[in-house]
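Next comes coords38.pdb, a file with PDB, C-alpha atoms.
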ATOM      1  CA  MET U   1      -9.400 -13.965  -8.305
ATOM      2  CA  LEU U   2      -7.575 -14.090  -4.980
ATOM      3  CA  LEU U   3      -8.519 -11.853  -2.079
ATOM      4  CA  LEU U   4      -5.419 -11.202  -0.006
ATOM      5  CA  THR U   5      -4.880  -9.400   3.287
ATOM      6  CA  CYS U   6      -1.551  -7.654   3.717
ATOM      7  CA  PRO U   7      -0.145  -8.387   7.195
ATOM      8  CA  HIS U   8       1.714  -5.061   7.225
ATOM      9  CA  CYS U   9      -1.029  -2.545   6.530
ATOM     10  CA  GLY U  10      -4.100  -4.737   7.084
ATOM     11  CA  VAL U  11      -5.578  -3.950   3.685
ATOM     12  CA  SER U  12      -7.765  -6.632   2.149
ATOM     13  CA  ALA U  13      -7.681  -6.272  -1.585
ATOM     14  CA  GLU U  14      -7.932  -8.330  -4.705
ATOM     15  CA  GLU U  15      -4.819  -9.705  -6.319
ATOM     16  CA  THR U  16      -4.294  -6.889  -8.840
ATOM     17  CA  GLU U  17      -3.035  -4.691  -6.002
ATOM     18  CA  PHE U  18      -0.327  -7.265  -5.238
ATOM     19  CA  HIS U  19       2.536  -8.793  -7.152
ATOM     20  CA  PRO U  20       3.499 -12.459  -6.843
ATOM     21  CA  GLY U  21       7.101 -13.256  -5.968
ATOM     22  CA  GLY U  22       7.247 -17.012  -6.506
ATOM     23  CA  GLU U  23       7.785 -19.888  -4.145
ATOM     24  CA  ALA U  24       8.508 -19.086  -0.498
ATOM     25  CA  HIS U  25      11.115 -20.471   1.884
ATOM     26  CA  LEU U  26      13.735 -21.283  -0.746
ATOM     27  CA  LYS U  27      17.064 -22.200   0.782
ATOM     28  CA  ARG U  28      19.871 -20.355  -0.896
ATOM     29  CA  ILE U  29      22.769 -22.489  -2.059
ATOM     30  CA  GLY U  30      25.940 -20.539  -1.381
ATOM     31  CA  PRO U  31      29.516 -20.834  -2.634
ATOM     32  CA  ASP U  32      29.903 -24.154  -0.787
ATOM     33  CA  GLY U  33      27.157 -25.872  -2.777
ATOM     34  CA  ASP U  34      27.862 -28.008  -5.820
ATOM     35  CA  ASP U  35      26.633 -27.148  -9.309
ATOM     36  CA  ASP U  36      23.609 -29.465  -9.180
ATOM     37  CA  ALA U  37      22.402 -28.012  -5.900
ATOM     38  CA  PHE U  38      22.891 -24.488  -7.207
ATOM     39  CA  MET U  39      20.980 -25.281 -10.381
ATOM     40  CA  GLY U  40      18.162 -26.682  -8.252
ATOM     41  CA  TYR U  41      18.118 -23.517  -6.164
ATOM     42  CA  LEU U  42      17.903 -21.381  -9.275
ATOM     43  CA  PHE U  43      15.442 -23.307 -11.396
ATOM     44  CA  GLU U  44      13.642 -26.131  -9.603
ATOM     45  CA  ARG U  45      10.344 -25.086  -8.128
ATOM     46  CA  ARG U  46       7.545 -26.927  -6.414
ATOM     47  CA  ASN U  47       4.316 -27.183  -8.366
ATOM     48  CA  PRO U  48       1.972 -28.787  -5.855
ATOM     49  CA  LYS U  49      -1.675 -29.618  -6.271
ATOM     50  CA  GLY U  50      -2.823 -28.255  -2.936
ATOM     51  CA  VAL U  51      -1.126 -26.277  -0.197
ATOM     52  CA  HIS U  52       1.490 -23.856  -1.463
ATOM     53  CA  PHE U  53       3.627 -21.194   0.234
ATOM     54  CA  GLU U  54       4.351 -18.097  -1.783
ATOM     55  CA  ARG U  55       5.971 -14.699  -1.562
ATOM     56  CA  TRP U  56       3.858 -11.675  -2.439
ATOM     57  CA  ARG U  57       4.461  -7.956  -2.464
ATOM     58  CA  HIS U  58       1.828  -5.321  -1.770
ATOM     59  CA  ALA U  59       3.021  -3.505  -4.876
ATOM     60  CA  PHE U  60       0.261  -0.883  -5.180
ATOM     61  CA  GLY U  61      -0.075  -0.467  -1.422
ATOM     62  CA  CYS U  62       2.454  -0.276   1.366
ATOM     63  CA  GLY U  63       5.135  -1.881  -0.817
ATOM     64  CA  LYS U  64       6.075  -4.578   1.689
ATOM     65  CA  TRP U  65       6.800  -8.251   1.059
ATOM     66  CA  PHE U  66       4.997 -11.004   2.931
ATOM     67  CA  HIS U  67       4.384 -14.748   2.826
ATOM     68  CA  LEU U  68       1.121 -16.367   1.878
ATOM     69  CA  ALA U  69      -0.255 -19.880   2.322
ATOM     70  CA  ARG U  70      -2.924 -20.882  -0.166
ATOM     71  CA  CYS U  71      -4.365 -23.840  -2.033
ATOM     72  CA  THR U  72      -3.541 -24.054  -5.723
ATOM     73  CA  VAL U  73      -6.670 -26.136  -6.450
ATOM     74  CA  THR U  74      -9.427 -24.192  -4.692
ATOM     75  CA  LEU U  75      -7.550 -20.857  -4.449
ATOM     76  CA  GLU U  76      -8.447 -20.823  -0.752
ATOM     77  CA  VAL U  77      -6.151 -18.510   1.171
ATOM     78  CA  PHE U  78      -5.099 -19.932   4.535
ATOM     79  CA  GLY U  79      -3.321 -16.849   5.741
ATOM     80  CA  ALA U  80      -0.524 -14.338   5.324
ATOM     81  CA  TYR U  81       2.493 -13.955   7.579
ATOM     82  CA  ARG U  82       5.694 -11.971   7.884
ATOM     83  CA  ALA U  83       8.414 -12.255   5.272
ATOM     84  CA  ASP U  84      11.440 -12.786   7.517
ATOM     85  CA  VAL U  85      10.827 -16.389   8.604
ATOM     86  CA  HIS U  86      12.176 -19.663   7.201
ATOM     87  CA  ALA U  87       8.999 -21.691   7.757
ATOM     88  CA  PRO U  88       5.280 -21.005   8.232
ATOM     89  CA  PRO U  89       4.380 -20.108  11.836
ATOM     90  CA  ALA U  90       2.443 -22.609  13.990
ATOM     91  CA  GLU U  91      -0.740 -20.579  13.706
ATOM     92  CA  ILE U  92      -0.742 -20.859   9.899
ATOM     93  CA  VAL U  93       0.067 -24.597  10.055
ATOM     94  CA  GLU U  94      -2.886 -25.105  12.416
ATOM     95  CA  ARG U  95      -5.195 -23.215  10.117
ATOM     96  CA  ILE U  96      -4.116 -25.347   7.157
ATOM     97  CA  GLN U  97      -4.540 -28.559   9.151
ATOM     98  CA  ALA U  98      -8.034 -27.503  10.187
ATOM     99  CA  ARG U  99      -8.956 -27.224   6.507
ATOM    100  CA  ARG U 100      -6.755 -30.046   5.149
ATOM    101  CA  PRO U 101      -6.697 -32.863   7.755
ATOM    102  CA  GLY U 102      -3.620 -35.020   7.353
ATOM    103  CA  TRP U 103      -1.495 -32.276   5.842
ATOM    104  CA  THR U 104       1.837 -31.787   7.599
ATOM    105  CA  PRO U 105       4.626 -29.303   6.977
ATOM    106  CA  GLU U 106       7.041 -32.248   7.093
ATOM    107  CA  GLY U 107       5.250 -33.796   4.121
ATOM    108  CA  GLU U 108       6.303 -30.712   2.191
ATOM    109  CA  ASP U 109       9.918 -31.771   2.297
ATOM    110  CA  ALA U 110       9.286 -35.259   0.929
TER     111      ALA U 110
ATOM    112  CA  MET D   1     -17.582  19.534 -18.834
ATOM    113  CA  SER D   2     -18.028  17.481 -15.713
ATOM    114  CA  ASP D   3     -20.958  16.033 -13.824
ATOM    115  CA  PRO D   4     -22.544  18.596 -11.458
ATOM    116  CA  ALA D   5     -21.982  16.148  -8.578
ATOM    117  CA  VAL D   6     -18.220  16.134  -8.864
ATOM    118  CA  SER D   7     -15.362  18.441  -9.759
ATOM    119  CA  TRP D   8     -11.622  17.979  -9.723
ATOM    120  CA  SER D   9      -8.628  20.260  -9.782
ATOM    121  CA  ARG D  10      -4.880  19.947  -9.811
ATOM    122  CA  VAL D  11      -3.346  21.503  -6.712
ATOM    123  CA  ARG D  12      -0.030  23.062  -7.685
ATOM    124  CA  ASP D  13       1.033  25.164  -4.731
ATOM    125  CA  ARG D  14       1.703  22.259  -2.350
ATOM    126  CA  GLY D  15       5.008  20.939  -1.135
ATOM    127  CA  MET D  16       5.433  17.254  -0.320
ATOM    128  CA  ILE D  17       7.965  15.644   1.976
ATOM    129  CA  GLY D  18       8.594  11.919   2.067
ATOM    130  CA  LEU D  19       9.557  10.676   5.524
ATOM    131  CA  ARG D  20      10.941   7.262   6.362
ATOM    132  CA  ALA D  21      11.809   6.070   9.845
ATOM    133  CA  ASP D  22      10.861   3.288  12.245
ATOM    134  CA  LEU D  23       7.408   4.491  13.281
ATOM    135  CA  SER D  24       7.078   1.784  15.928
ATOM    136  CA  VAL D  25       9.557   3.694  18.114
ATOM    137  CA  GLY D  26       7.854   6.192  20.422
ATOM    138  CA  VAL D  27      10.738   8.670  20.391
ATOM    139  CA  VAL D  28      10.695   8.752  16.593
ATOM    140  CA  ARG D  29       6.958   9.408  16.517
ATOM    141  CA  LYS D  30       7.349  12.249  18.993
ATOM    142  CA  ALA D  31      10.228  13.793  17.063
ATOM    143  CA  LEU D  32       8.330  13.634  13.769
ATOM    144  CA  GLN D  33       5.197  15.001  15.368
ATOM    145  CA  LYS D  34       7.139  17.982  16.684
ATOM    146  CA  ALA D  35       8.917  18.649  13.392
ATOM    147  CA  CYS D  36       5.814  18.261  11.215
ATOM    148  CA  GLY D  37       3.435  20.113  13.489
ATOM    149  CA  LEU D  38       0.741  17.442  13.521
ATOM    150  CA  PRO D  39       0.312  13.987  15.044
ATOM    151  CA  VAL D  40       1.680  10.862  13.377
ATOM    152  CA  PRO D  41      -1.400   9.138  11.909
ATOM    153  CA  GLU D  42      -2.543   5.629  12.764
ATOM    154  CA  THR D  43      -2.323   2.886  10.157
ATOM    155  CA  ARG D  44      -4.048   3.929   6.900
ATOM    156  CA  ARG D  45      -5.113   7.262   8.354
ATOM    157  CA  LEU D  46      -4.495  10.916   7.675
ATOM    158  CA  SER D  47      -3.685  13.683  10.154
ATOM    159  CA  VAL D  48      -5.100  17.029   9.135
ATOM    160  CA  ARG D  49      -4.395  20.423  10.663
ATOM    161  CA  ASP D  50      -5.217  23.600   8.736
ATOM    162  CA  ASP D  51      -3.515  23.201   5.367
ATOM    163  CA  ARG D  52      -1.139  20.410   6.409
ATOM    164  CA  ARG D  53      -1.741  16.693   5.982
ATOM    165  CA  LEU D  54       0.388  13.845   7.252
ATOM    166  CA  ALA D  55      -0.469  10.550   5.588
ATOM    167  CA  TRP D  56       0.406   6.975   6.606
ATOM    168  CA  MET D  57       2.089   5.374   3.585
ATOM    169  CA  SER D  58       3.537   2.155   5.047
ATOM    170  CA  PRO D  59       4.769   0.891   8.441
ATOM    171  CA  ASP D  60       7.919   2.999   8.016
ATOM    172  CA  GLU D  61       6.806   5.783   5.708
ATOM    173  CA  LEU D  62       4.813   9.012   5.956
ATOM    174  CA  LEU D  63       3.976  11.723   3.450
ATOM    175  CA  LEU D  64       3.664  15.320   4.590
ATOM    176  CA  VAL D  65       1.697  17.687   2.346
ATOM    177  CA  LEU D  66       1.942  21.376   3.169
ATOM    178  CA  PRO D  67       2.128  24.816   1.536
ATOM    179  CA  ARG D  68       5.209  24.852  -0.632
ATOM    180  CA  ALA D  69       6.907  27.670   1.277
ATOM    181  CA  GLY D  70       6.896  25.519   4.409
ATOM    182  CA  THR D  71       8.914  22.706   2.859
ATOM    183  CA  ALA D  72      12.432  23.924   3.628
ATOM    184  CA  PRO D  73      11.735  24.883   7.281
ATOM    185  CA  VAL D  74      10.122  21.469   7.939
ATOM    186  CA  LEU D  75      13.040  19.627   6.320
ATOM    187  CA  ALA D  76      15.395  21.553   8.621
ATOM    188  CA  ALA D  77      13.180  20.804  11.640
ATOM    189  CA  VAL D  78      13.093  17.080  10.815
ATOM    190  CA  ALA D  79      16.877  16.977  10.393
ATOM    191  CA  GLU D  80      17.273  18.589  13.799
ATOM    192  CA  ALA D  81      14.649  16.503  15.595
ATOM    193  CA  MET D  82      15.914  13.232  14.102
ATOM    194  CA  GLU D  83      19.615  13.992  14.551
ATOM    195  CA  GLY D  84      21.517  10.763  15.189
ATOM    196  CA  ARG D  85      18.533   8.555  14.310
ATOM    197  CA  HIS D  86      18.237   6.515  11.147
ATOM    198  CA  HIS D  87      15.734   8.315   8.924
ATOM    199  CA  LEU D  88      15.082   9.812   5.525
ATOM    200  CA  ALA D  89      13.373  13.108   4.776
ATOM    201  CA  VAL D  90      13.283  14.251   1.184
ATOM    202  CA  ASP D  91      11.493  16.955  -0.760
ATOM    203  CA  LEU D  92       9.142  15.181  -3.187
ATOM    204  CA  SER D  93       7.219  18.282  -4.252
ATOM    205  CA  ASP D  94       8.292  17.982  -7.883
ATOM    206  CA  ALA D  95       8.129  14.178  -7.959
ATOM    207  CA  ARG D  96       4.427  13.903  -7.174
ATOM    208  CA  ALA D  97       1.256  15.554  -8.401
ATOM    209  CA  LEU D  98      -1.651  16.404  -6.136
ATOM    210  CA  PHE D  99      -5.321  16.410  -7.107
ATOM    211  CA  ARG D 100      -8.444  17.404  -5.253
ATOM    212  CA  ILE D 101     -11.720  15.679  -6.107
ATOM    213  CA  GLU D 102     -14.821  17.039  -4.442
ATOM    214  CA  GLY D 103     -18.578  16.823  -4.454
ATOM    215  CA  PRO D 104     -21.165  14.163  -3.611
ATOM    216  CA  GLY D 105     -19.939  12.121  -6.582
ATOM    217  CA  ALA D 106     -16.250  12.150  -5.585
ATOM    218  CA  ARG D 107     -16.437   8.689  -4.001
ATOM    219  CA  GLU D 108     -17.886   7.115  -7.086
ATOM    220  CA  THR D 109     -15.378   8.808  -9.349
ATOM    221  CA  LEU D 110     -12.465   7.302  -7.424
ATOM    222  CA  ALA D 111     -14.227   3.964  -7.116
ATOM    223  CA  LYS D 112     -14.248   3.709 -10.916
ATOM    224  CA  GLY D 113     -10.482   3.341 -10.924
ATOM    225  CA  ALA D 114      -9.399   1.970  -7.561
ATOM    226  CA  PRO D 115     -10.062  -1.588  -6.283
ATOM    227  CA  VAL D 116     -11.055  -0.135  -2.914
ATOM    228  CA  ASP D 117     -14.331  -0.263  -0.997
ATOM    229  CA  LEU D 118     -15.189   3.433  -1.031
ATOM    230  CA  SER D 119     -18.656   3.162   0.496
ATOM    231  CA  PRO D 120     -19.113   5.735   3.303
ATOM    232  CA  ALA D 121     -19.254   2.891   5.852
ATOM    233  CA  ALA D 122     -15.881   1.487   4.785
ATOM    234  CA  PHE D 123     -13.981   4.657   3.893
ATOM    235  CA  GLY D 124     -14.605   7.745   6.002
ATOM    236  CA  LEU D 125     -13.159  11.095   6.922
ATOM    237  CA  HIS D 126      -9.362  11.030   7.281
ATOM    238  CA  ASP D 127      -9.065   7.485   5.985
ATOM    239  CA  PHE D 128      -6.132   7.160   3.624
ATOM    240  CA  ARG D 129      -5.293   4.437   1.153
ATOM    241  CA  ARG D 130      -2.457   3.643  -1.213
ATOM    242  CA  SER D 131      -3.781   1.755  -4.169
ATOM    243  CA  ARG D 132      -4.004   2.146  -7.891
ATOM    244  CA  LEU D 133      -6.092   4.227 -10.242
ATOM    245  CA  GLY D 134      -6.523   2.239 -13.405
ATOM    246  CA  GLN D 135      -2.981   0.977 -13.893
ATOM    247  CA  LEU D 136      -1.220   3.769 -12.012
ATOM    248  CA  ALA D 137      -0.048   3.851  -8.426
ATOM    249  CA  ALA D 138      -2.017   6.466  -6.521
ATOM    250  CA  ALA D 139      -2.802   7.310  -2.918
ATOM    251  CA  PHE D 140      -5.844   9.152  -1.699
ATOM    252  CA  GLY D 141      -7.535  10.211   1.488
ATOM    253  CA  GLN D 142     -10.772  11.872   2.474
ATOM    254  CA  VAL D 143     -10.137  15.395   3.768
ATOM    255  CA  ALA D 144     -13.713  16.682   4.166
ATOM    256  CA  GLU D 145     -17.281  15.396   4.234
ATOM    257  CA  GLU D 146     -20.672  16.805   3.305
ATOM    258  CA  PRO D 147     -19.767  17.404   0.622
ATOM    259  CA  ASP D 148     -17.024  14.790   0.323
ATOM    260  CA  ALA D 149     -13.578  15.931  -0.712
ATOM    261  CA  PHE D 150     -10.625  13.697  -1.478
ATOM    262  CA  GLU D 151      -6.988  14.512  -2.099
ATOM    263  CA  MET D 152      -4.962  12.197  -4.240
ATOM    264  CA  VAL D 153      -1.266  11.987  -5.049
ATOM    265  CA  CYS D 154       0.323  10.193  -7.971
ATOM    266  CA  PHE D 155       3.693  10.366  -9.682
ATOM    267  CA  ARG D 156       4.156  13.667 -11.487
ATOM    268  CA  SER D 157       5.293  11.846 -14.632
ATOM    269  CA  VAL D 158       1.804  10.384 -15.093
ATOM    270  CA  ALA D 159      -0.131  13.502 -14.025
ATOM    271  CA  ALA D 160      -1.259  14.325 -17.576
ATOM    272  CA  HIS D 161      -2.733  10.844 -17.882
ATOM    273  CA  VAL D 162      -4.535  11.219 -14.536
ATOM    274  CA  GLU D 163      -5.962  14.558 -15.679
ATOM    275  CA  ARG D 164      -7.457  12.883 -18.726
ATOM    276  CA  TRP D 165      -8.638   9.966 -16.625
ATOM    277  CA  LEU D 166     -10.450  12.360 -14.272
ATOM    278  CA  ASP D 167     -11.978  14.235 -17.194
ATOM    279  CA  VAL D 168     -13.443  11.001 -18.524
ATOM    280  CA  SER D 169     -14.523   9.695 -15.116
ATOM    281  CA  CYS D 170     -16.327  12.933 -14.253
ATOM    282  CA  ARG D 171     -18.369  13.087 -17.458
ATOM    283  CA  PRO D 172     -21.989  14.160 -16.956
ATOM    284  CA  GLY D 173     -24.313  11.247 -16.326
ATOM    285  CA  SER D 174     -21.472   8.763 -15.905
ATOM    286  CA  LEU D 175     -21.758   8.258 -12.136
ATOM    287  CA  PRO D 176     -23.342   4.897 -11.294
ATOM    288  CA  GLY D 177     -25.161   6.228  -8.226
ATOM    289  CA  VAL D 178     -24.345   3.252  -6.000
ATOM    290  CA  PHE D 179     -23.229   5.117  -2.883
TER     291      PHE D 179
END
Represent the structure from my file as structure tokens, please.
Amino acid sequence: MLLLTCPHCGVSAEETEFHPGGEAHLKRIGPDGDDDAFMGYLFERRNPKGVHFERWRHAFGCGKWFHLARCTVTLEVFGAYRADVHAPPAEIVERIQARRPGWTPEGEDA
Amino acid sequence: MSDPAVSWSRVRDRGMIGLRADLSVGVVRKALQKACGLPVPETRRLSVRDDRRLAWMSPDELLLVLPRAGTAPVLAAVAEAMEGRHHLAVDLSDARALFRIEGPGARETLAKGAPVDLSPAAFGLHDFRRSRLGQLAAAFGQVAEEPDAFEMVCFRSVAAHVERWLDVSCRPGSLPGVF
């Protein structure tokens, strides 16, 4: 069971009060993209063993979306941050690096 | 038949107004405060004055509970005070159901259904929380203490289910006695 803290209302609750919204920071492929890129945008998702960025919604609470960084192996939650950013903020990256030395956000793109 | 430590009732003579606006703007808070007749509550809190309650629902949403006859005048006052500002004020009186749960066992009754720390240290007078009750969305706040009293809103369409849920949760001898 995950214990999450909503960055909008500050509530710490277990995961049944939230709803998962899949992988975070997807880059939308618009009308200019080719079919392969669009298919990738629609269907191809990361499935890492380790640090993962996700979208969540505080469905039974304030109703707002937010981003979450957590570990898929240990279920450790590194932190939650606002939904309207394209990449995790420096503070979250630092917190992950403190717990997972050697991890870099750049490595995510490889 | 309910436990002597707790009783519940459905409150039917209340009006409810849903308010949405950018609550981080000082002018908006002042305008809403004037129109509603009580201060805009802090995050996850409840403002109480006489028989009116203003509850914090989300960073841009409030719920005003008041005697039903006051609904139309407040809607008019909000429209006037918020003229020219982006906002929403809508009469939700028939969309929501209101319950009152009171007695020393009220905390434990709610704690049976909501994944919320309801111990007196964590949840006190005028605290307000949107959560769930069993599988239903519900929001509740503490409106009185010694003895404790809570008011809870849920969607009107599931009110019959909540009534049965409360009947079961208030059964004699069913309170765990943790708090």
Selection result of the PyMOL selection byres ((chain U and resi 4) around 8) on this file, as a list in words: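 So the PyMOL selection byres ((chain U and resi 4) around 8), applied here, picks out Leu2, Leu3, Thr5, Cys6, Ser12, Ala13, Glu14, Glu15, Val77 and Ala80 of chain U.
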Selected residue of minimal separation from Asp127 in chain D among D:Ser169, D:Ser93, D:Ser157, D:Thr43, counting all atoms listed in the file: D:Thr43
Atomic separation - CA of Ala35 in chain D relative to CA of Ala76 in chain D, Å: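 Rounded to one decimal, the two atoms are 8.6 Å apart.
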If the cut-off is 6 Å, can you tell me the residues of chain D near chain U, counting all atoms listed in the file? I'd like them as a PDB file with C-alpha atoms, keeping the file's coordinate frame.
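Dumped everything to selection-v1.pdb:
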ATOM      1  CA  SER D  58       3.537   2.155   5.047  1.00  0.00           C
ATOM      2  CA  ARG D 130      -2.457   3.643  -1.213  1.00  0.00           C
ATOM      3  CA  SER D 131      -3.781   1.755  -4.169  1.00  0.00           C
ATOM      4  CA  ARG D 132      -4.004   2.146  -7.891  1.00  0.00           C
ATOM      5  CA  ALA D 137      -0.048   3.851  -8.426  1.00  0.00           C
TER       6      ALA D 137
END
Residue neighbourhood range 44-48 of chain U, 12 Å, only C-alpha atoms, exclusion window fewer than 2 positions, as a VMD selection string: chain U and resid 22 to 27 36 to 42 50 to 54 70 to 73 107 to 110
Distance criterion (all atoms listed in the file): nearest to Gly21 in chain U out of U:Leu75, U:Ala83, U:Ala90, U:Ile96: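 With all atoms listed in the file as the atom set, the closest residue is U:Ala83.
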Of the listed residues D:Phe128, D:Phe140, D:Trp56, D:Phe179, that which approaches Pro104 in chain D most closely, counting all atoms listed in the file: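 For Pro104 in chain D, the nearest of the candidates is D:Phe179.
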Ground truth for the PyMOL selection byres ((chain D and resi 107) around 8), written as a list of chain:residue names: D:Pro104, D:Gly105, D:Ala106, D:Glu108, D:Thr109, D:Leu110, D:Ala111, D:Leu118, D:Ser119, D:Asp148, D:Phe179
Chain and number of each residue from the PyMOL selection byres ((chain U and resi 82) around 9), as an NGL selection string: :U and (7-8 or 65-68 or 80-81 or 83-85)
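Here CA of Glu91 in chain U and CA of Met57 in chain D stand 28.0 Å from one another.
The coordinates place CA of His161 in chain D at 10.4 Å from CA of Gly134 in chain D.
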Protein/DNA/RNA residues near (-12.2, 16.2, 3.0), cut 10 Å, only C-alpha atoms, as JSON, numbers by chain: {"D": [48, 100, 101, 102, 103, 124, 125, 126, 127, 141, 142, 143, 144, 145, 146, 147, 148, 149, 150, 151]}
If you take every atom of range 137-146 of chain D that the file lists and fit an axis-aligned box around them with 6 Å extra on each side, what centre and edge lengths come out in Å to one decimal, as JSON?
{"center_x": -10.4, "center_y": 10.3, "center_z": -2.1, "size_x": 32.6, "size_y": 25.0, "size_z": 24.7}
Keeping just C-alpha atoms, export range 38-109 of chain U of this structure as an mmCIF file, in the first residue's frame.
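part_37.cif, written as the output of this step:
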data_model
loop_
_atom_site.group_PDB
_atom_site.id
_atom_site.type_symbol
_atom_site.label_atom_id
_atom_site.label_comp_id
_atom_site.auth_asym_id
_atom_site.auth_seq_id
_atom_site.Cartn_x
_atom_site.Cartn_y
_atom_site.Cartn_z
ATOM 1 C CA PHE U 38 2.188 8.637 -32.792
ATOM 2 C CA MET U 39 1.780 4.942 -32.059
ATOM 3 C CA GLY U 40 4.620 5.198 -29.547
ATOM 4 C CA TYR U 41 2.936 8.163 -27.890
ATOM 5 C CA LEU U 42 -0.313 6.252 -27.609
ATOM 6 C CA PHE U 43 0.868 2.822 -26.557
ATOM 7 C CA GLU U 44 4.527 2.619 -25.559
ATOM 8 C CA ARG U 45 5.086 3.076 -21.869
ATOM 9 C CA ARG U 46 8.097 2.818 -19.628
ATOM 10 C CA ASN U 47 8.112 -0.111 -17.235
ATOM 11 C CA PRO U 48 11.200 0.564 -15.141
ATOM 12 C CA LYS U 49 12.530 -1.429 -12.239
ATOM 13 C CA GLY U 50 13.219 1.511 -9.962
ATOM 14 C CA VAL U 51 12.462 5.209 -10.167
ATOM 15 C CA HIS U 52 9.212 6.002 -11.932
ATOM 16 C CA PHE U 53 7.277 9.235 -12.517
ATOM 17 C CA GLU U 54 3.520 8.961 -12.490
ATOM 18 C CA ARG U 55 0.372 11.030 -12.668
ATOM 19 C CA TRP U 56 -2.139 10.670 -9.850
ATOM 20 C CA ARG U 57 -5.447 12.284 -9.046
ATOM 21 C CA HIS U 58 -6.762 12.923 -5.549
ATOM 22 C CA ALA U 59 -10.054 11.404 -6.657
ATOM 23 C CA PHE U 60 -11.805 11.144 -3.273
ATOM 24 C CA GLY U 61 -10.292 14.377 -1.983
ATOM 25 C CA CYS U 62 -9.695 17.738 -3.580
ATOM 26 C CA GLY U 63 -9.976 16.242 -7.075
ATOM 27 C CA LYS U 64 -6.702 17.688 -8.350
ATOM 28 C CA TRP U 65 -4.044 16.016 -10.485
ATOM 29 C CA PHE U 66 -0.406 15.906 -9.442
ATOM 30 C CA HIS U 67 2.863 14.169 -10.275
ATOM 31 C CA LEU U 68 4.523 11.562 -8.126
ATOM 32 C CA ALA U 69 8.029 10.103 -8.063
ATOM 33 C CA ARG U 70 8.297 6.638 -6.567
ATOM 34 C CA CYS U 71 10.245 3.401 -6.758
ATOM 35 C CA THR U 72 8.483 0.480 -8.402
ATOM 36 C CA VAL U 73 10.612 -2.066 -6.493
ATOM 37 C CA THR U 74 10.419 -0.831 -2.900
ATOM 38 C CA LEU U 75 7.277 1.327 -3.328
ATOM 39 C CA GLU U 76 9.212 4.159 -1.683
ATOM 40 C CA VAL U 77 7.646 7.508 -2.488
ATOM 41 C CA PHE U 78 10.220 10.209 -3.210
ATOM 42 C CA GLY U 79 7.774 13.054 -3.425
ATOM 43 C CA ALA U 80 4.812 14.670 -5.133
ATOM 44 C CA TYR U 81 4.880 17.828 -7.220
ATOM 45 C CA ARG U 82 2.618 20.003 -9.323
ATOM 46 C CA ALA U 83 1.002 18.660 -12.467
ATOM 47 C CA ASP U 84 1.842 21.465 -14.898
ATOM 48 C CA VAL U 85 5.559 20.794 -15.415
ATOM 49 C CA HIS U 86 7.369 18.843 -18.140
ATOM 50 C CA ALA U 87 10.073 17.393 -15.883
ATOM 51 C CA PRO U 88 10.554 16.709 -12.164
ATOM 52 C CA PRO U 89 11.712 19.790 -10.222
ATOM 53 C CA ALA U 90 15.301 19.967 -8.904
ATOM 54 C CA GLU U 91 14.157 19.344 -5.348
ATOM 55 C CA ILE U 92 12.582 15.999 -6.295
ATOM 56 C CA VAL U 93 15.651 15.002 -8.354
ATOM 57 C CA GLU U 94 17.873 15.745 -5.344
ATOM 58 C CA ARG U 95 15.691 13.672 -3.079
ATOM 59 C CA ILE U 96 15.849 10.734 -5.489
ATOM 60 C CA GLN U 97 19.625 11.053 -5.834
ATOM 61 C CA ALA U 98 20.008 11.070 -2.058
ATOM 62 C CA ARG U 99 18.225 7.711 -1.941
ATOM 63 C CA ARG U 100 19.481 6.280 -5.262
ATOM 64 C CA PRO U 101 23.103 7.444 -5.762
ATOM 65 C CA GLY U 102 24.051 7.397 -9.419
ATOM 66 C CA TRP U 103 20.520 7.928 -10.677
ATOM 67 C CA THR U 104 20.191 10.816 -13.121
ATOM 68 C CA PRO U 105 17.156 12.244 -14.876
ATOM 69 C CA GLU U 106 19.169 12.098 -18.108
ATOM 70 C CA GLY U 107 19.472 8.330 -17.713
ATOM 71 C CA GLU U 108 15.694 8.245 -17.971
ATOM 72 C CA ASP U 109 15.830 9.243 -21.602
#
